[in-house]
>>> print(open('input-v5.txt').read())   # compact mmCIF, C-alpha atoms
# COMPACT_ATOMS: atom_id res chain seq x y z
CA ILE A 1 -42.18 -18.31 43.04
CA GLY A 2 -44.18 -15.54 44.70
CA ILE A 3 -46.72 -15.30 47.53
CA ALA A 4 -48.57 -12.03 48.15
CA ILE A 5 -50.51 -10.84 51.19
CA GLY A 6 -52.42 -7.62 51.81
CA LEU A 7 -51.94 -5.75 55.08
CA SER A 8 -54.11 -3.03 56.59
CA ALA A 9 -52.61 -0.61 59.13
CA ILE A 10 -53.79 -0.69 62.76
CA LEU A 11 -51.06 1.22 64.64
CA CYS A 12 -48.21 3.03 62.94
CA PHE A 13 -45.39 5.53 63.49
CA ASN A 14 -42.00 6.06 61.93
CA ASN A 15 -39.13 8.45 61.33
CA PRO A 16 -39.30 9.35 57.63
CA VAL A 17 -35.98 11.18 57.52
CA ARG A 18 -33.53 8.30 57.07
CA ALA A 19 -32.99 6.63 53.70
CA GLN A 20 -35.16 3.53 53.83
CA GLU A 21 -32.74 1.33 51.91
CA LYS A 22 -30.21 1.48 54.75
CA VAL A 23 -32.43 -0.06 57.39
CA PHE A 24 -33.16 -3.59 58.58
CA VAL A 25 -36.77 -4.71 58.82
CA THR A 26 -38.29 -7.39 61.04
CA LEU A 27 -41.71 -8.94 60.54
CA GLU A 28 -43.25 -10.74 63.50
CA TYR A 29 -46.24 -12.89 62.60
CA MET A 30 -48.85 -13.02 65.36
CA HIS A 31 -51.51 -15.63 65.83
CA VAL A 32 -54.29 -14.13 67.94
CA LYS A 33 -56.50 -16.59 69.72
CA PRO A 34 -60.23 -16.48 68.85
CA GLY A 35 -62.10 -13.73 70.67
CA ASN A 36 -58.90 -11.93 71.67
CA SER A 37 -58.52 -9.41 68.82
CA ASN A 38 -59.61 -6.40 70.88
CA ALA A 39 -57.47 -7.46 73.83
CA TYR A 40 -54.49 -7.99 71.53
CA LEU A 41 -54.80 -4.51 70.00
CA GLN A 42 -55.10 -2.99 73.47
CA ILE A 43 -51.87 -4.75 74.44
CA GLU A 44 -50.09 -3.52 71.31
CA ASN A 45 -51.30 -0.01 72.07
CA SER A 46 -49.65 -0.31 75.50
CA TRP A 47 -46.43 -1.59 73.91
CA ARG A 48 -46.57 1.43 71.61
CA GLN A 49 -45.26 3.53 74.51
CA ILE A 50 -42.17 1.32 74.73
CA HIS A 51 -41.59 1.55 70.99
CA LEU A 52 -41.92 5.33 71.10
CA ALA A 53 -39.17 5.35 73.73
CA GLN A 54 -37.06 3.19 71.38
CA LEU A 55 -37.70 5.68 68.59
CA LYS A 56 -36.57 8.61 70.74
CA LYS A 57 -33.39 6.73 71.69
CA GLY A 58 -32.64 5.96 68.05
CA ASN A 59 -32.96 2.21 68.58
CA ILE A 60 -35.65 1.92 65.90
CA GLU A 61 -36.82 3.99 62.93
CA GLY A 62 -40.41 2.79 62.89
CA TRP A 63 -42.95 0.36 64.29
CA SER A 64 -46.38 -0.66 63.07
CA VAL A 65 -49.08 -3.31 63.49
CA TRP A 66 -50.86 -4.67 60.41
CA GLU A 67 -53.91 -6.85 60.02
CA VAL A 68 -53.81 -9.48 57.29
CA VAL A 69 -56.79 -8.73 55.04
CA ALA A 70 -55.95 -10.67 51.88
CA PRO A 71 -56.11 -13.53 51.39
CA TYR A 72 -58.56 -13.99 54.27
CA LYS A 73 -58.55 -17.47 55.80
CA MET A 74 -60.36 -18.61 58.92
CA ASP A 75 -57.54 -21.07 59.68
CA ALA A 76 -54.64 -18.74 58.81
CA PRO A 77 -51.51 -19.33 60.92
CA TYR A 78 -51.37 -15.61 61.76
CA GLN A 79 -53.77 -12.66 61.63
CA TYR A 80 -51.45 -9.73 62.40
CA VAL A 81 -47.92 -8.71 61.44
CA VAL A 82 -45.76 -6.41 63.57
CA LEU A 83 -43.21 -4.52 61.47
CA THR A 84 -40.18 -2.90 63.09
CA VAL A 85 -37.52 -0.87 61.29
CA TYR A 86 -33.98 -0.79 62.75
CA PRO A 87 -31.31 1.70 61.63
CA HIS A 88 -28.52 -0.85 62.17
CA PHE A 89 -28.31 -4.59 62.74
CA SER A 90 -26.81 -3.93 66.18
CA ASN A 91 -30.08 -2.22 67.14
CA PHE A 92 -31.92 -5.44 66.31
CA LEU A 93 -29.57 -7.33 68.62
CA ASN A 94 -30.03 -4.76 71.44
CA PRO A 95 -33.46 -3.21 70.80
CA TYR A 96 -34.06 -2.00 74.36
CA ASP A 97 -30.62 -0.52 75.01
CA GLY A 98 -31.02 2.53 77.23
CA ILE A 99 -34.74 1.95 77.81
CA ASP A 100 -35.98 2.01 81.40
CA ILE A 101 -39.42 0.41 81.48
CA HIS A 102 -40.22 2.11 84.78
CA GLN A 103 -39.57 5.53 83.23
CA VAL A 104 -41.74 4.70 80.23
CA PHE A 105 -44.61 3.76 82.55
CA SER A 106 -43.75 6.07 85.42
CA ASN A 107 -47.25 5.93 86.91
CA ALA A 108 -47.62 2.15 86.66
CA SER A 109 -46.95 -0.24 89.51
CA LYS A 110 -44.70 -3.27 89.18
CA ASP A 111 -47.75 -5.53 89.44
CA SER A 112 -49.55 -3.75 86.60
CA LEU A 113 -46.46 -4.05 84.39
CA ASN A 114 -46.16 -7.75 85.15
CA LYS A 115 -49.84 -8.10 84.30
CA MET A 116 -49.29 -6.38 80.94
CA PHE A 117 -46.42 -8.73 80.08
CA ALA A 118 -48.45 -11.77 81.14
CA GLU A 119 -51.45 -10.60 79.12
CA THR A 120 -49.21 -10.19 76.07
CA GLU A 121 -48.35 -13.89 76.14
CA LYS A 122 -51.95 -14.84 76.86
CA VAL A 123 -53.68 -13.18 73.91
CA ARG A 124 -51.23 -13.96 71.10
CA ASP A 125 -48.49 -16.31 69.94
CA MET A 126 -45.60 -15.15 67.78
CA VAL A 127 -45.40 -17.96 65.24
CA GLN A 128 -42.41 -16.63 63.30
CA ARG A 129 -40.00 -13.72 62.98
CA ASP A 130 -38.22 -12.69 59.77
CA ILE A 131 -35.46 -10.13 59.43
CA PHE A 132 -34.71 -8.62 56.04
CA SER A 133 -31.52 -6.87 55.00
CA PRO A 134 -31.85 -3.82 52.73
CA GLY A 135 -31.97 -4.22 48.96
CA GLY A 136 -33.36 -0.99 47.55
CA HIS A 137 -36.24 1.45 47.78
CA VAL A 138 -38.20 4.07 45.88
CA GLY A 139 -40.17 6.87 47.56
CA ASN A 140 -40.48 7.68 51.25
CA THR A 141 -42.58 6.27 54.03
CA ASN A 142 -44.83 8.41 56.17
CA GLY A 143 -46.54 6.54 58.98
CA ASP A 144 -49.47 8.94 59.09
CA SER A 145 -50.49 8.29 55.49
CA ILE A 146 -49.90 4.55 55.08
CA ASN A 147 -53.04 2.45 55.40
CA TYR A 148 -52.45 -0.53 53.12
CA LEU A 149 -49.44 -2.58 52.05
CA MET A 150 -48.96 -5.40 49.60
CA ALA A 151 -46.13 -7.73 50.60
CA THR A 152 -44.83 -10.22 48.04
CA TYR A 153 -42.53 -13.03 49.14
CA LEU A 154 -40.13 -14.38 46.51
CA LYS A 155 -37.93 -17.45 46.29
CA VAL A 156 -34.77 -17.04 44.25
CA ALA A 157 -32.53 -20.02 43.52
CA PRO A 158 -28.96 -19.67 44.89
CA ASP A 159 -27.46 -19.71 41.42
CA LYS A 160 -29.85 -16.93 40.32
CA GLU A 161 -29.12 -14.46 43.14
CA GLN A 162 -26.68 -12.32 41.16
CA SER A 163 -28.91 -12.06 38.11
CA PHE A 164 -31.91 -11.34 40.38
CA GLU A 165 -30.11 -8.41 42.02
CA SER A 166 -29.04 -7.08 38.63
CA PHE A 167 -32.61 -7.32 37.36
CA MET A 168 -34.05 -5.59 40.42
CA LYS A 169 -31.61 -2.68 40.32
CA GLY A 170 -31.30 -2.33 36.56
CA HIS A 171 -34.87 -2.96 35.41
CA TRP A 172 -37.48 -3.32 38.15
CA LYS A 173 -36.39 -0.39 40.32
CA PRO A 174 -36.48 2.12 37.41
CA LEU A 175 -39.95 0.85 36.48
CA VAL A 176 -41.22 1.25 40.05
CA ASN A 177 -39.61 4.69 40.22
CA LYS A 178 -41.85 5.76 37.33
CA VAL A 179 -44.90 4.25 39.05
CA VAL A 180 -44.12 6.23 42.23
CA ASN A 181 -43.33 9.46 40.36
CA ASP A 182 -46.62 9.16 38.44
CA GLY A 183 -48.50 8.97 41.73
CA TYR A 184 -49.71 5.38 41.58
CA ALA A 185 -47.68 4.28 44.63
CA ASN A 186 -46.12 6.05 47.60
CA PHE A 187 -43.15 3.78 48.15
CA TRP A 188 -41.60 0.43 47.33
CA TRP A 189 -38.96 -1.50 49.25
CA TYR A 190 -37.27 -4.85 48.80
CA GLY A 191 -34.82 -6.88 50.86
CA GLY A 192 -33.27 -10.28 51.40
CA LEU A 193 -34.23 -12.69 54.16
CA MET A 194 -31.44 -13.21 56.68
CA PHE A 195 -30.87 -16.53 58.48
CA ASN A 196 -33.06 -18.52 56.08
CA ASN A 197 -33.01 -22.29 55.54
CA GLY A 198 -31.23 -22.08 52.22
CA ILE A 199 -32.69 -24.07 49.39
CA ASN A 200 -35.45 -25.41 51.67
CA ALA A 201 -36.75 -21.95 52.59
CA PRO A 202 -40.20 -21.14 51.11
CA TYR A 203 -38.94 -17.61 50.31
CA ASN A 204 -35.75 -15.57 50.65
CA HIS A 205 -36.72 -12.10 49.43
CA ILE A 206 -39.57 -9.66 49.97
CA MET A 207 -41.04 -6.72 48.06
CA VAL A 208 -43.36 -4.26 49.81
CA VAL A 209 -45.42 -1.62 48.02
CA ASN A 210 -47.81 1.02 49.32
CA TRP A 211 -50.28 1.78 46.54
CA ALA A 212 -51.51 5.37 46.45
CA ARG A 213 -54.94 4.38 45.14
CA ASP A 214 -57.13 1.65 46.63
>>> encode(input="input-v5.txt", output="structure tokens")
Amino acid sequence: IGIAIGLSAILCFNNPVRAQEKVFVTLEYMHVKPGNSNAYLQIENSWRQIHLAQLKKGNIEGWSVWEVVAPYKMDAPYQYVVLTVYPHFSNFLNPYDGIDIHQVFSNASKDSLNKMFAETEKVRDMVQRDIFSPGGHVGNTNGDSINYLMATYLKVAPDKEQSFESFMKGHWKPLVNKVVNDGYANFWWYGGLMFNNGINAPYNHIMVVNWARD
């Protein structure tokens, strides 16, 4: 079973040096209330300063905001996806370790910071958060060149997990490697959903591809 969505980049930065298959990836699905899209993106742009501080500390390897562009639904449960890349699972558990918010916004008053946090909750609701453990990757990410992603969510039966992993590493990954080497895609990554609901989960794996040609 597979479900695919198309994502268009809004804000993006990352550290392309580390091997992407070693990282943990979180996806936070944001429902933005009608008429609040501009305000939401302004808030995320403010949070970008915090995430840059995380990047400098080594707490994260990348952060980006994506707009869901396909399939487009007026009543979709979320309109944006925030993607964060962590070098280790411990960084996910302590994402702001060593970050002093007052140093990040050294010219901002306490009241203005409180207003920013309050506005964050006002303009959007985080309806869900997924964290994916690494499975494999082909190619490298570069935040300055990525503008579109296709994310495919897969459900694999518990008794098929071993054969699925063998297929991905032995057959699918070599095929994608050729696609990337031939210039049709920039990178491909897949991982397994952590903390899922077992057999009742709608999906338990993800594949993400950045096509080189629109």
>>> atom_distance(input="input-v5.txt", atom1="CA of Lys115 (chain A)", atom2="CA of Leu52 (chain A)")
20.4 Å
>>> atom_distance(input="input-v5.txt", atom1="CA of Tyr184 (chain A)", atom2="CA of Ile10 (chain A)")
22.4 Å
>>> residues_around(input="input-v5.txt", residues="Leu154 (chain A)", least_positions_apart="3", cutoff="9 Å", atoms="all atoms listed in the file", output="PyMOL selection string")
chain A and resi 1-4+202-207
>>> closest_residue(input="input-v5.txt", among="A:Val65, A:Ala118, A:Ile199, A:Val179", to="Lys160 (chain A)", atoms="only C-alpha atoms")
A:Ile199
>>> residues_near_point(input="input-v5.txt", point="(-57.1, -11.3, 68.7)", cutoff="10 Å", atoms="only C-alpha atoms", output="PyMOL selection string")
chain A and resi 30-42+78-80+123-124
>>> closest_atom_pairs(input="input-v5.txt", of="region 30-112 of chain A", to="region 148-151 of chain A", cutoff="10 Å", atoms="only C-alpha atoms", output="CSV")
residue,atom,partner,partner_atom,distance
A:Trp66,CA,A:Tyr148,CA,8.5
A:Glu67,CA,A:Tyr148,CA,9.5
A:Val68,CA,A:Leu149,CA,9.7
A:Val69,CA,A:Tyr148,CA,9.5
A:Ala70,CA,A:Met150,CA,9.0
>>> closest_atom_pairs(input="input-v5.txt", of="region 22-85 of chain A", to="region 194-198 of chain A", cutoff="12 Å", atoms="all atoms listed in the file", output="CSV")
residue,atom,partner,partner_atom,distance
A:Phe24,CA,A:Met194,CA,10.0
A:Val25,CA,A:Met194,CA,10.3
A:Thr26,CA,A:Met194,CA,10.0
A:Leu27,CA,A:Met194,CA,11.8
>>> write_last_selection(input="input-v5.txt", atoms="C-alpha atoms", output="mmCIF file, in the coordinates of the input")
data_model
loop_
_atom_site.group_PDB
_atom_site.id
_atom_site.type_symbol
_atom_site.label_atom_id
_atom_site.label_comp_id
_atom_site.auth_asym_id
_atom_site.auth_seq_id
_atom_site.Cartn_x
_atom_site.Cartn_y
_atom_site.Cartn_z
ATOM 1 C CA PHE A 24 -33.160 -3.590 58.580
ATOM 2 C CA VAL A 25 -36.770 -4.710 58.820
ATOM 3 C CA THR A 26 -38.290 -7.390 61.040
ATOM 4 C CA LEU A 27 -41.710 -8.940 60.540
#
>>> closest_residue(input="input-v5.txt", among="A:Thr84, A:Ala201, A:Lys155, A:Trp189", to="Lys169 (chain A)", atoms="all atoms listed in the file")
A:Trp189
>>> closest_residue(input="input-v5.txt", among="A:Ser166, A:Thr120, A:Asn107, A:Gln54", to="Pro87 (chain A)", atoms="only C-alpha atoms")
A:Gln54
>>> atom_distance(input="input-v5.txt", atom1="CA of Arg48 (chain A)", atom2="CA of Asn94 (chain A)")
17.7 Å
>>> residues_around(input="input-v5.txt", residues="Asn59 (chain A)", least_positions_apart="5", cutoff="8 Å", atoms="only C-alpha atoms", output="list of chain:residue names")
A:Gln54, A:Tyr86, A:Pro87, A:Asn91, A:Pro95, A:Tyr96, A:Asp97
>>> closest_residue(input="input-v5.txt", among="A:Ala157, A:Ala108, A:Val138, A:Val23", to="Asn186 (chain A)", atoms="all atoms listed in the file")
A:Val138
>>> residues_near_point(input="input-v5.txt", point="(-46.1, -0.5, 68.6)", cutoff="8 Å", atoms="only C-alpha atoms", output="VMD selection string")
chain A and resid 11 to 13 44 to 52 63 to 65 82
>>> residues_around(input="input-v5.txt", residues="Leu175 (chain A)", least_positions_apart="4", cutoff="12 Å", atoms="all atoms listed in the file", output="number ranges by chain")
A: 137-138, 167-171, 179-182, 184-185, 188
>>> write_last_selection(input="input-v5.txt", atoms="C-alpha atoms", output="tab-separated table (two decimals), in the coordinates of the input")
chain	number	residue	atom	x	y	z
A	137	HIS	CA	-36.24	1.45	47.78
A	138	VAL	CA	-38.20	4.07	45.88
A	167	PHE	CA	-32.61	-7.32	37.36
A	168	MET	CA	-34.05	-5.59	40.42
A	169	LYS	CA	-31.61	-2.68	40.32
A	170	GLY	CA	-31.30	-2.33	36.56
A	171	HIS	CA	-34.87	-2.96	35.41
A	179	VAL	CA	-44.90	4.25	39.05
A	180	VAL	CA	-44.12	6.23	42.23
A	181	ASN	CA	-43.33	9.46	40.36
A	182	ASP	CA	-46.62	9.16	38.44
A	184	TYR	CA	-49.71	5.38	41.58
A	185	ALA	CA	-47.68	4.28	44.63
A	188	TRP	CA	-41.60	0.43	47.33
>>> axis_aligned_box(input="input-v5.txt", around="region 165-181 of chain A", padding_each_side="3 Å", output="AutoDock Vina command-line options")
--center_x -37.0 --center_y 0.5 --center_z 38.8 --size_x 21.9 --size_y 23.9 --size_z 12.8
>>> closest_residue(input="input-v5.txt", among="A:Ile60, A:Pro77, A:Asn14, A:Ile5", to="Gln128 (chain A)", atoms="only C-alpha atoms")
A:Pro77
>>> closest_residue(input="input-v5.txt", among="A:Ser90, A:Gly58, A:Asp159, A:Ile43", to="Leu113 (chain A)", atoms="all atoms listed in the file")
A:Ile43
>>> residues_around(input="input-v5.txt", residues="Glu28 (chain A)", least_positions_apart="3", cutoff="7 Å", atoms="only C-alpha atoms", output="ChimeraX atom specification")
/A:81-83,126,128-130
